[in-house]
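Peer 1: Please see the structure below; I have some questions.
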Amino acid sequence: MLDVFINLGLGMTVAFTLQNIALCFIGCLIGTLVGVLPGVGPVATIAILLPVTLSLDPTGSLIMLAGIYYGAQYGGSTTAILVNIPGEATAVVTAIDGHKMAQKGQAGLALGLAAIGSFFAGTVATIVIAALGVPMTRMGLLFGPTEYFSLMIMGLVFAVVLAHGSLLKAVSMILVGVLLSCVGADMETGRERMTFGLEMLQDGIEFVVLAMGIFGFGEIFKNLADPESRDVVRSRIGRLWPTLKELKDNFPPILRGTFLGSVLGVLPGNGAILGPFASYAVEKRMSKRPQDFGHGAPAAVAGPESANNAGAQTSFIPLLTLGLPPNAVMALMVGAMMIQGIVPGPQVIERNPELFWGLIASMWIGNLMLVIINLPLIGLWVKLLRVPYRLLFPAIVCFCCIGLYSIANDAAQVMMAALFGIIGYALYKLEFEPAPLALGFVLGRLLEEKLRQSLIISGGSPLTFLQSPLSAILLAIAVMALVLAISPSMRRNRDEVFKEA
Amino acid sequence: MEATSTNTETEPSAGGLGRERLAGIVLVGLGGLGLWAGSDLPFMTSEGVGSGLMPRLLSLVILGLGLLQLVLSRKDPGPSTGRWAIRETIPVILGVVLFAVTVRGYHLGPVTIPGLGLSIACPLAVVASGLAARDARLGELLVFAAVLTAFCIGLFRYALGLSVPVAPWLLGY
C-alpha cells in the first residue's frame with residue numbers, strides 16, 4: 001500500500017512541473033473547447049487534437065493528451081446536458097435526465113453535480129490505477145506470445161459482445177481493421193503487402209489518418225446529411241454549486257457510480273460503456289421516487305456521470321499494464337504513444353517510470369482542473385454551443401487538414417483521410433460500428449506479431465494456443481462469452497441493458 | 001442508432017436493395033479485394049508463417065461472414081439506406097483536396113501547383129467545404145475563413161512550432 005503512495009509521489013513530482021501543469025491545463029481547455037461542440041464526440045476530439053501534441057516530449061505529450069481526454073469527456077457531458085446531443089454512447093444516459101434538469105432551469109446544478117461526481121470518481125479511479133498498476137504489470141510479464149495472443153482475442157471478443165447492434169457486423173469490422181493493419185511493409189521480411197504499388201501505402205496506414213478520416217470527416221458527412229435539431233437551453237443556467245443537502249442526497253449515487261464504473265472499466269473489452277447504464281438502473285431501483293427518473297432526477301446525472309468518469313479512467317489499466325486498448329479512445333492513445341516511440345505494455349512501467357506515474361498523477365490533476373476551470377467557463381461553452389454548424393464544420397475540416405499534414409509533412413496523408421471519411425460515412429449508412437474497426441486496426445500488428453512468434457516457438461503447430469493452460473483458459477472464456485452472446489435469451493438481456501435508460 | 005431509424009423512415013425504400021443485404025455485399029467485396037491484393041504473398045515459408053497468412057485468412061473469414069450476412073438477410077434485407085449525401089460530401093472532399101495540393105505544391109503529369117502555404121490552403125479548404133451546408137452564406141464564410149486562417153497560422157506555426165509552410169510566395173517559408 002505504501003508503494004502506491006511512493007509511486008504516486010514520484011508521479012506528482014513529474015506532473016507538478018510548471019510545464020506539465022501548463023500542458024495539462026491547455027489540454028483540458030482545448031479538449032473541452034472541441035468536445036463541447038455538438039456532433040464532436042471524445043474520439044473525434046482526440047483525433048483532431050492529436051497532432052497538436054506531436055512536437056512535445058513523450059511525457060508532456062501524453063499528459064496533454066490525458067488532459068484533452070478528460071476535457072473531451074466533460075465537454076461531451078456538457079453538450080449532453082445543455083443541448084441533448086450526446087457525443088458518445090456513455091453520455092446518452094446523462095442526456096436523459098440532465099437535459100430535463102436543464103429545461104427546468106437547473107442546468108447549473110446538473111453540470112455542478114456532474115463535475116463533482118466526476119472529480120470524486122476520478123480521484124478514486126486514480127488510486128485504483130496506482131494500486132493495480134504494479135500487480136497487473138507483473139501479471140503481464142508472465143505472458144508469453146501465446147498467452148498474449150489469446151488475451152487479445154479475448155479482449156476483442158468482449159469488445160464485440162459489448163458493442164450494440166449486429167454481432168456479425170461487429171466481428172467483421174474488427175477483422176477488416178486487422179486486415180487494414182496488414183497493409184504496408186511486412187514487419188519481418190520488409191516485403192510490401194497489399195499496397196497496390198502505391199507509394200503512400202508503403203509504410204502502412206497511419207492510425208491517426210484512419211481515425212481522423214472515419215471519426216472526424218465521417219462525422220461531418222453524417223451531420224451534414226442528417227442535421228440534428230439543436231435545442232440549446234434558453235432558460236437560465238442557475239447556480240452551479242449544489243447545497244449541502246443536495247450534496248448529501250447525491251453522495252451515495254456518486255459512490256455507487258464510482259464503484260460500478262471502476263470495476264467495469266478494468267475489464268478487457270469495452271466494459272466502461274456499461275458503467276453509466278448500470279448506474280442508472282441501480283439508482284432507479286434504489287431511489288425512493290423512481291417515477292422522477294427520466295424527468296430530471298439529480299441522482300440520474302450524478303451516478304452515471306461518476307460511473308462514466310471512473311470507467312473512462314480505469315480503462316487506462318489494460319492499456320498501460322498490458323498494452324491492450326479496450327476501446328476506440330484508448331486505441332487513439334496507443335497511436336499517440338507509438339508516434340512518440342513508446343510501445344505500450346508491461347515494460348513501460350519499468351523503462352519509463354516517470355512517464356507512467358506522471359501520467360497517472362496528471363489524470364488526477366486533469367480532473368481537478370476540470371472542476372476549477374470548467375465550471376466558471378460554463379457561460380463561454382454555452383455561447384460556443386450557439387455557433388451554427390455551417391461555420392463549425394469548415395473550421396473542423398481546416399484543423400483536421402493542418403493536423404493531418406503535420407503528421408509527416410505529407411499531403412498524401414490528407415487525401416487518404418478524406419477517403420477514410422467517405423468510408424466512415426458508408427459504414428454509418430450500412431450500420432457498421434466504426435469503433436471495433438479502430439480497435440482491430442490498432443491491435444492488428446501486435447496480434448500478427450504474437451501469432452508469428454508463437455508459431456515459430458511451437459514449430460508451426462497451432463495447437464500451442466490450447467496446450468498452454470493460461471492461453472487455453474483465456475480462449476475458453478472468449479468462446480463462452482461469444483456463445484452466450486449468440487444465445488437468444490442473452491441477446492434480449494443485452495438489448496435491454498442498452499434500452500433500460 | 002436512433003438517427004438512422006428516423007432517417008430511413010423519412011426516406012422510404014428508394015433502391016430496394018436493403019441495408020443488411022448491401023452490408024453483406026460490401027463484406028464479400030472487401031474479402032475478395034483482400035484476397036486479390038494479397039494473392040502474391042507467400043502463405044507459409046520454411047521459417048514459419050509467411051507474410052500472406054494473416055491477410056489471406058482474414059480475407060477468407062470476411063468473405064465468409066459476408067456470405068453469411070447475405071443468407072441471413074435473404075428474408076429481411078432491411079430498410080433502404082436512404083439518401084446518400086453526395087451533394088454535401090463533394091464540397092468537403094474538394095476542400096480537403098484543395099488544401100492538400102496547395103499547402104506545399106503538387107506535381108501530377110503536366111500540372112504543377114506551386115506551394116502556397118497555409119495562407120492560401122486554409123481559406124480554400126474553409127470556403128470550399130463550407131459551401132456544403134444547405135444554409136451556407138458566401139459572405140459570412142469569406143470573413144470567417146480569413147479570421148480562422150489568421151488564428152490557425154498563429155496557433156500551429158507560431159505557438160506550436162509546427163513546420164507548416166505559411167506563405168512561401170510572400171515570406172519565403
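Letters A, B, ... go to the chains of the C-alpha cells in the order shown; residues in each chain start at 1; ligands are counted from 1 in the same order.
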Identify, with DSSP run on backbone atoms, the residues in chain B assigned to alpha helix (DSSP H), and express the list as a ChimeraX atom specification.

Peer 2: /B:2-10,19-37,53-72,86-103,118-130,138-152

Peer 1: Find the residues around Asp135 (chain B) up to 8 Å (only C-alpha atoms counted), leave out those fewer than 2 positions away in its own chain, and share them as an MDAnalysis selection string.

Peer 2: (chainID A and resid 390) or (chainID B and resid 133 137)

Peer 1: Please, could you write that set of residues out with N, CA, C and O atoms as a compact mmCIF listing (two decimals), in the first residue's frame?

Peer 2:
# COMPACT_ATOMS: atom_id res chain seq x y z
N ARG A 390 -22.94 25.42 -39.70
CA ARG A 390 -22.41 25.77 -41.02
C ARG A 390 -21.05 26.45 -40.90
O ARG A 390 -20.30 26.51 -41.87
N ALA B 133 -22.84 23.15 -46.67
CA ALA B 133 -24.02 23.34 -45.83
C ALA B 133 -25.16 23.90 -46.66
O ALA B 133 -24.95 24.73 -47.53
N ARG B 137 -23.67 30.77 -46.38
CA ARG B 137 -23.70 32.15 -46.89
C ARG B 137 -22.27 32.51 -47.27
O ARG B 137 -21.38 32.46 -46.43

Peer 1: Could you please tell me, as a PyMOL selection string, which residues of chain B have an atom within 7 Å of chain A when using only C-alpha atoms?

Peer 2: chain B and resi 19+23+37-38+48-49+51+55+58+62+65+81+85+88-89+93+96-97+100-101+122+125-126+129-130+133+135-136+162+164

Peer 1: Please, which residues of chain B, numbered as in this document, come out strand (DSSP E or B) from DSSP, as a PDB file with C-alpha atoms, in the first residue's frame?

Peer 2:
ATOM      1  CA  MET B  44       3.842 -20.359 -45.381  1.00  0.00           C
ATOM      2  CA  THR B  45       7.621 -20.349 -45.669  1.00  0.00           C
ATOM      3  CA  GLY B  48       7.185 -20.393 -40.350  1.00  0.00           C
ATOM      4  CA  VAL B  49       4.305 -18.087 -41.081  1.00  0.00           C
ATOM      5  CA  TYR B 106       1.866  19.317 -56.132  1.00  0.00           C
ATOM      6  CA  HIS B 107       3.043  17.714 -59.335  1.00  0.00           C
ATOM      7  CA  LEU B 108       0.943  15.384 -61.413  1.00  0.00           C
ATOM      8  CA  VAL B 111       0.041  20.037 -63.863  1.00  0.00           C
ATOM      9  CA  THR B 112       2.284  21.788 -61.363  1.00  0.00           C
ATOM     10  CA  ILE B 113       0.842  23.706 -58.447  1.00  0.00           C
TER      11      ILE B 113
END

Peer 1: One decimal, in Å: what's the spacing between CA of Leu210 (chain A) and CA of Phe420 (chain A)?

Peer 2: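 Rounded to one decimal, the two atoms are 6.1 Å apart.
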
Peer 1: In Å, with one decimal, what is the gap from CA of Ala15 (chain A) to CA of Ile349 (chain A)?

Peer 2: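 CA of Ile349 (chain A) lies at a distance of 15.8 Å from CA of Ala15 (chain A).
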
Peer 1: Have a look at A:Ile129, A:Cys28, A:Ser77, A:Pro242 and name the one nearest to Trp357 (chain A); count only C-alpha atoms.

Peer 2: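 The answer is A:Ile129, which sits nearest to Trp357 (chain A).
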
Peer 1: Distance CA of Val301 (chain A)-CA of Leu49 (chain A), one decimal place?

Peer 2: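 Atom-to-atom, CA of Val301 (chain A) to CA of Leu49 (chain A), that is 27.9 Å.
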
Peer 1: Excluding Ile120 (chain B) and residues on its chain fewer than 3 positions from it, collect all residues at most 9 Å away from it, counting only C-alpha atoms, and give them as a PyMOL selection string.

Peer 2: chain B and resi 99+102-103+116-117+123-125+149+166-167
